[in-house]
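K.L.:
One file is attached below, start.txt, containing compact mmCIF, C-alpha atoms.
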# COMPACT_ATOMS: atom_id res chain seq x y z
CA MET Q 1 0.00 0.00 0.00
CA ILE Q 2 1.15 3.51 -0.75
CA GLY Q 3 -0.07 7.08 -0.31
CA ASN Q 4 1.03 10.57 -1.25
CA ASP Q 5 0.10 14.19 -0.67
CA ILE Q 6 1.32 17.51 -2.00
CA VAL Q 7 0.85 21.02 -0.63
CA ASP Q 8 1.40 24.04 -2.86
CA LEU Q 9 2.90 26.41 -0.28
CA ASN Q 10 1.90 29.57 -2.16
CA MET Q 11 -1.72 28.44 -2.37
CA ALA Q 12 -1.72 27.32 1.28
CA ALA Q 13 -0.47 30.78 2.32
CA ILE Q 14 -3.38 32.41 0.50
CA GLU Q 15 -6.20 29.96 1.27
CA SER Q 16 -5.43 28.66 4.75
CA ASN Q 17 -4.64 30.62 7.87
CA TRP Q 18 -3.19 27.98 10.17
CA LYS Q 19 -2.57 30.65 12.81
CA ARG Q 20 -6.28 31.24 13.35
CA PRO Q 21 -7.60 30.35 16.82
CA ARG Q 22 -8.00 26.63 17.58
CA PHE Q 23 -6.78 25.42 14.15
CA LEU Q 24 -3.65 23.80 15.54
CA ASN Q 25 -5.62 22.21 18.39
CA LYS Q 26 -8.05 20.60 15.94
CA VAL Q 27 -5.39 19.22 13.59
CA PHE Q 28 -2.19 18.58 15.56
CA THR Q 29 -1.38 16.75 18.78
CA THR Q 30 0.42 18.54 21.61
CA TYR Q 31 3.68 16.90 20.52
CA GLU Q 32 3.16 18.02 16.88
CA GLN Q 33 2.32 21.55 18.04
CA GLN Q 34 5.63 21.59 19.93
CA LEU Q 35 7.45 20.52 16.74
CA ILE Q 36 5.81 23.47 14.98
CA ALA Q 37 6.61 25.93 17.79
CA ASP Q 38 10.27 24.83 17.87
CA ALA Q 39 10.74 24.91 14.08
CA SER Q 40 12.82 27.57 12.39
CA ASN Q 41 10.22 27.58 9.59
CA GLN Q 42 6.86 27.05 11.28
CA ASN Q 43 4.84 27.40 8.08
CA GLN Q 44 6.86 24.67 6.41
CA THR Q 45 6.53 22.39 9.44
CA VAL Q 46 2.75 22.81 9.57
CA TRP Q 47 2.40 21.73 5.94
CA LEU Q 48 4.98 18.97 6.27
CA LEU Q 49 3.02 17.39 9.13
CA TRP Q 50 -0.24 17.94 7.26
CA SER Q 51 1.08 16.19 4.13
CA MET Q 52 2.43 13.32 6.25
CA LYS Q 53 -1.03 12.84 7.80
CA GLU Q 54 -2.77 12.97 4.42
CA ALA Q 55 -0.37 10.51 2.75
CA ALA Q 56 -0.66 8.04 5.65
CA TYR Q 57 -4.45 8.42 5.72
CA LYS Q 58 -4.60 7.33 2.08
CA ILE Q 59 -2.82 4.07 2.91
CA TYR Q 60 -5.05 3.51 5.92
CA VAL Q 61 -8.16 3.83 3.74
CA GLN Q 62 -6.63 1.45 1.15
CA GLN Q 63 -5.70 -1.08 3.80
CA PHE Q 64 -8.79 -1.01 6.01
CA GLY Q 65 -11.48 0.50 3.75
CA ILE Q 66 -12.51 2.90 6.52
CA ARG Q 67 -12.78 6.66 6.05
CA PHE Q 68 -12.81 9.05 8.99
CA PHE Q 69 -12.10 12.69 9.73
CA ASN Q 70 -10.02 12.99 12.88
CA PRO Q 71 -6.58 14.50 12.20
CA LEU Q 72 -5.64 14.03 15.86
CA LYS Q 73 -5.92 10.25 15.38
CA LEU Q 74 -2.91 10.46 13.02
CA VAL Q 75 0.23 11.08 15.05
CA CYS Q 76 3.37 12.29 13.25
CA SER Q 77 6.99 11.86 14.33
CA LEU Q 78 10.09 13.10 12.53
CA ASP Q 79 13.34 11.16 12.22
CA SER Q 80 14.92 13.95 10.18
CA LYS Q 81 13.81 17.04 8.29
CA SER Q 82 12.29 14.90 5.51
CA ASP Q 83 11.82 11.40 6.99
CA GLY Q 84 9.28 10.36 9.56
CA PHE Q 85 6.38 8.14 10.40
CA VAL Q 86 2.69 8.42 11.17
CA THR Q 87 0.90 6.20 13.65
CA ILE Q 88 -2.83 5.52 13.42
CA GLY Q 89 -3.89 3.31 16.30
CA ASN Q 90 -1.58 0.28 16.20
CA THR Q 91 -0.49 0.86 12.60
CA THR Q 92 2.62 2.79 11.55
CA PHE Q 93 3.33 4.24 8.12
CA PHE Q 94 6.75 5.53 7.04
CA THR Q 95 7.06 8.85 5.22
CA LYS Q 96 9.60 10.57 3.03
CA SER Q 97 9.06 14.18 1.98
CA VAL Q 98 10.50 16.50 -0.63
CA ILE Q 99 10.55 20.02 0.74
CA SER Q 100 11.04 22.90 -1.68
CA GLU Q 101 10.26 26.61 -1.65
CA GLU Q 102 7.16 25.92 -3.79
CA TYR Q 103 5.71 22.70 -2.38
CA ILE Q 104 5.95 19.83 0.06
CA TYR Q 105 5.47 16.37 -1.42
CA THR Q 106 5.17 13.38 0.90
CA ILE Q 107 5.07 9.68 0.11
CA ALA Q 108 3.95 7.21 2.76
CA VAL Q 109 4.50 3.46 2.66
CA SER Q 110 3.29 0.67 4.91
CA LYS Q 111 6.76 -0.87 5.07
CA ASN Q 112 9.96 1.14 5.23
CA SER Q 113 10.80 0.57 1.57
CA LYS Q 114 11.74 2.67 -1.44
CA ASN Q 115 10.38 0.20 -3.96
CA TYR Q 116 8.01 2.64 -5.69
CA ASN Q 117 7.86 5.03 -8.65
CA SER Q 118 6.81 8.63 -8.30
CA GLU Q 119 6.71 11.90 -10.16
CA CYS Q 120 5.78 15.43 -9.19
CA LEU Q 121 4.44 17.75 -11.91
CA LYS Q 122 3.82 21.45 -12.20
CA VAL Q 123 0.48 22.31 -13.82
CA GLU Q 124 0.01 26.01 -14.50
CA ASN Q 125 -3.78 25.73 -14.57
CA LYS Q 126 -5.42 25.69 -11.12
CA SER Q 127 -8.64 24.08 -12.36
CA TYR Q 128 -9.28 20.90 -10.38
CA LEU Q 129 -10.53 19.07 -13.48
CA ILE Q 130 -7.57 20.08 -15.65
CA GLN Q 131 -5.11 19.13 -12.91
CA SER Q 132 -6.85 15.82 -12.35
CA ASP Q 133 -6.93 14.99 -16.08
CA THR Q 134 -3.28 16.05 -16.55
CA LEU Q 135 -2.16 13.92 -13.63
CA LYS Q 136 -4.18 10.86 -14.66
CA ASN Q 137 -3.06 11.11 -18.28
CA ARG Q 138 0.61 11.39 -17.28
CA PHE Q 139 0.29 8.45 -14.90
CA LEU Q 140 -1.41 6.28 -17.55
CA GLU Q 141 1.33 7.22 -20.06
CA ILE Q 142 3.95 5.95 -17.59
CA ILE Q 143 2.03 2.73 -16.92
CA SER Q 144 1.58 2.20 -20.65
CA GLU Q 145 5.32 2.64 -21.25
CA ASN Q 146 6.52 0.63 -18.24
CA LYS Q 147 4.07 -2.26 -18.61
CA ASN Q 148 3.97 -2.21 -22.43
CA LEU Q 149 0.18 -1.80 -22.48
CA ASN Q 150 -1.89 0.13 -25.00
CA ILE Q 151 -2.87 3.39 -23.29
CA GLU Q 152 -6.25 3.36 -25.04
CA HIS Q 153 -7.25 0.37 -22.90
CA LEU Q 154 -6.01 1.81 -19.60
CA ASN Q 155 -8.18 3.75 -17.18
CA ILE Q 156 -8.46 4.73 -13.54
CA ASN Q 157 -11.59 4.12 -11.50
CA LYS Q 158 -12.19 4.78 -7.82
CA ASN Q 159 -13.45 1.95 -5.65
CA GLU Q 160 -16.30 2.22 -3.12
CA VAL Q 161 -14.14 4.13 -0.60
CA GLY Q 162 -12.60 6.46 -3.20
CA VAL Q 163 -9.26 4.71 -3.72
CA PRO Q 164 -7.99 4.93 -7.33
CA GLU Q 165 -7.43 1.61 -9.10
CA VAL Q 166 -5.88 0.95 -12.51
CA PHE Q 167 -7.69 -1.14 -15.11
CA PHE Q 168 -6.66 -2.61 -18.44
CA LYS Q 169 -9.56 -3.72 -20.65
CA ASN Q 170 -11.84 -3.70 -17.60
CA SER Q 171 -9.51 -5.97 -15.59
CA LYS Q 172 -8.00 -4.51 -12.42
CA LEU Q 173 -4.20 -4.44 -12.54
CA PRO Q 174 -2.11 -5.37 -9.48
CA ILE Q 175 -0.86 -1.79 -9.08
CA HIS Q 176 -1.16 0.27 -5.91
CA VAL Q 177 -1.46 3.96 -6.76
CA SER Q 178 -2.03 7.27 -5.03
CA LEU Q 179 -2.71 10.59 -6.74
CA THR Q 180 -2.57 14.10 -5.33
CA HIS Q 181 -2.81 17.72 -6.42
CA SER Q 182 -2.75 21.15 -4.82
CA GLY Q 183 -2.46 24.57 -6.43
CA ASN Q 184 -0.01 24.31 -9.33
CA TYR Q 185 1.42 20.93 -8.33
CA CYS Q 186 0.39 17.32 -8.58
CA GLY Q 187 1.98 13.93 -8.21
CA TYR Q 188 1.52 10.22 -8.46
CA VAL Q 189 3.19 7.30 -6.74
CA TYR Q 190 2.77 3.61 -7.49
CA PHE Q 191 4.25 0.15 -7.16
Can you dump the structure from the file as structure tokens?
P.N.:
Amino acid sequence: MIGNDIVDLNMAAIESNWKRPRFLNKVFTTYEQQLIADASNQNQTVWLLWSMKEAAYKIYVQQFGIRFFNPLKLVCSLDSKSDGFVTIGNTTFFTKSVISEEYIYTIAVSKNSKNYNSECLKVENKSYLIQSDTLKNRFLEIISENKNLNIEHLNINKNEVGVPEVFFKNSKLPIHVSLTHSGNYCGYVYF
């Protein structure tokens, strides 16, 4: 299982005021709030922890088929500036993040492994539909090339809990995939 999340930092600065009253209390544990308070770049740390939670949540939904909204149930820890893990109940997911001036891109895996393929793309159009189509088309191009499958017979469908699945001629392929987009950035990860 695999998950990913991306945060366009410019968009987040415009659309989300994480300093508003009670926001941190609703989203981050006391320990996570201390990580934010102690950080030299608090804004970056907020969105790093957020992307870690989102990427891990995607694996949790894939693995257990259960959706929930309780950010405090996802507990982040950092091993380094870009590596960490997220615990949800008795389950731990390992994360690796790319932190740039423009975005934070996090990949979460259920086992501490780097056996996956990923790409982050910049899409100048902020339309959700255009971003989604651009991301899906790029991902299907890669699958077509890597698996030597005709792209015209490839498609992505979401299952009953909203997890994307890859199909070839209406047969589900044994590929785990996660897709994400925010602002001008999007990304896919699969194995």
K.L.:
What does the structure give for the distance between atom CA of Asn117 of chain Q and atom CA of Met11 of chain Q, in Å to one decimal?
P.N.:
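Atom CA of Met11 of chain Q lies at a distance of 26.1 Å from atom CA of Asn117 of chain Q.
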K.L.:
Nearest to Ala56 of chain Q among Q:Phe85, Q:Phe28, Q:Trp18, Q:Phe68, with distances taken over only C-alpha atoms: which residue is it?
P.N.:
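Closest to Ala56 of chain Q, using only C-alpha atoms: Q:Phe85.
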K.L.:
Quick one: pull the distance between atom CA of Leu9 of chain Q and atom CA of Asn184 of chain Q, Å, one decimal.
P.N.:
9.7 Å
K.L.:
In Å, rounded to a single decimal, give me how far atom CA of Glu101 of chain Q is from atom CA of Thr87 of chain Q.
P.N.:
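So the answer is 27.2 Å.
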K.L.:
Within 10 Å of Glu152 of chain Q, counting all atoms listed in the file, which residues show up once you throw out same-chain ones fewer than 5 positions away? Write them as a list in words, please.
P.N.:
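Final neighbour list, sorted by chain and number: Leu140, Glu141, Ser144, Phe168 and Lys169 of chain Q.
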K.L.:
Would you please work out which residue, of Q:Cys120, Q:Ile6, Q:Ile14, Q:Leu78, is nearest to Leu35 of chain Q when using all atoms listed in the file?
P.N.:
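Closest to Leu35 of chain Q of all the choices is Q:Leu78.
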K.L.:
For Lys26 of chain Q, list every protein, DNA or RNA residue within 9 Å, evaluated using only C-alpha atoms, and leave out those in the same chain fewer than 2 positions away; present the list as JSON, numbers by chain.
P.N.:
{"Q": [22, 23, 24, 28, 29, 70, 71, 72]}
K.L.:
Please check which residues have atoms at most 10 Å from (-0.4, 17.1, 9.2) in the file's coordinates, counting all atoms listed in the file, and write them as a PyMOL selection string.
P.N.:
chain Q and resi 24+27-29+32+45-56+71-72+74-76+86
K.L.:
Neighbouring residues of Asp79 of chain Q were defined as those with any atom within 10 Å, considering only C-alpha atoms; residues of the same chain fewer than 4 positions away were excluded. Please report them as a PDB file with C-alpha atoms, in the coordinates of the input.
P.N.:
ATOM      1  CA  ASP Q  83      11.820  11.400   6.990  1.00  0.00           C
ATOM      2  CA  GLY Q  84       9.280  10.360   9.560  1.00  0.00           C
ATOM      3  CA  PHE Q  85       6.380   8.140  10.400  1.00  0.00           C
ATOM      4  CA  THR Q  95       7.060   8.850   5.220  1.00  0.00           C
ATOM      5  CA  LYS Q  96       9.600  10.570   3.030  1.00  0.00           C
TER       6      LYS Q  96
END
K.L.:
Around the point (-4.8, 10.6, -4.9), in the coordinates given by the file, pick out the residues reaching within 7 Å, counting all atoms listed in the file, and return them as a PyMOL selection string.
P.N.:
chain Q and resi 4+164+178-180
K.L.:
Measuring atom to atom with only C-alpha atoms, identify which of Q:Lys73, Q:His181, Q:His153, Q:Arg67 is nearest to Leu129 of chain Q.
P.N.:
Q:His181
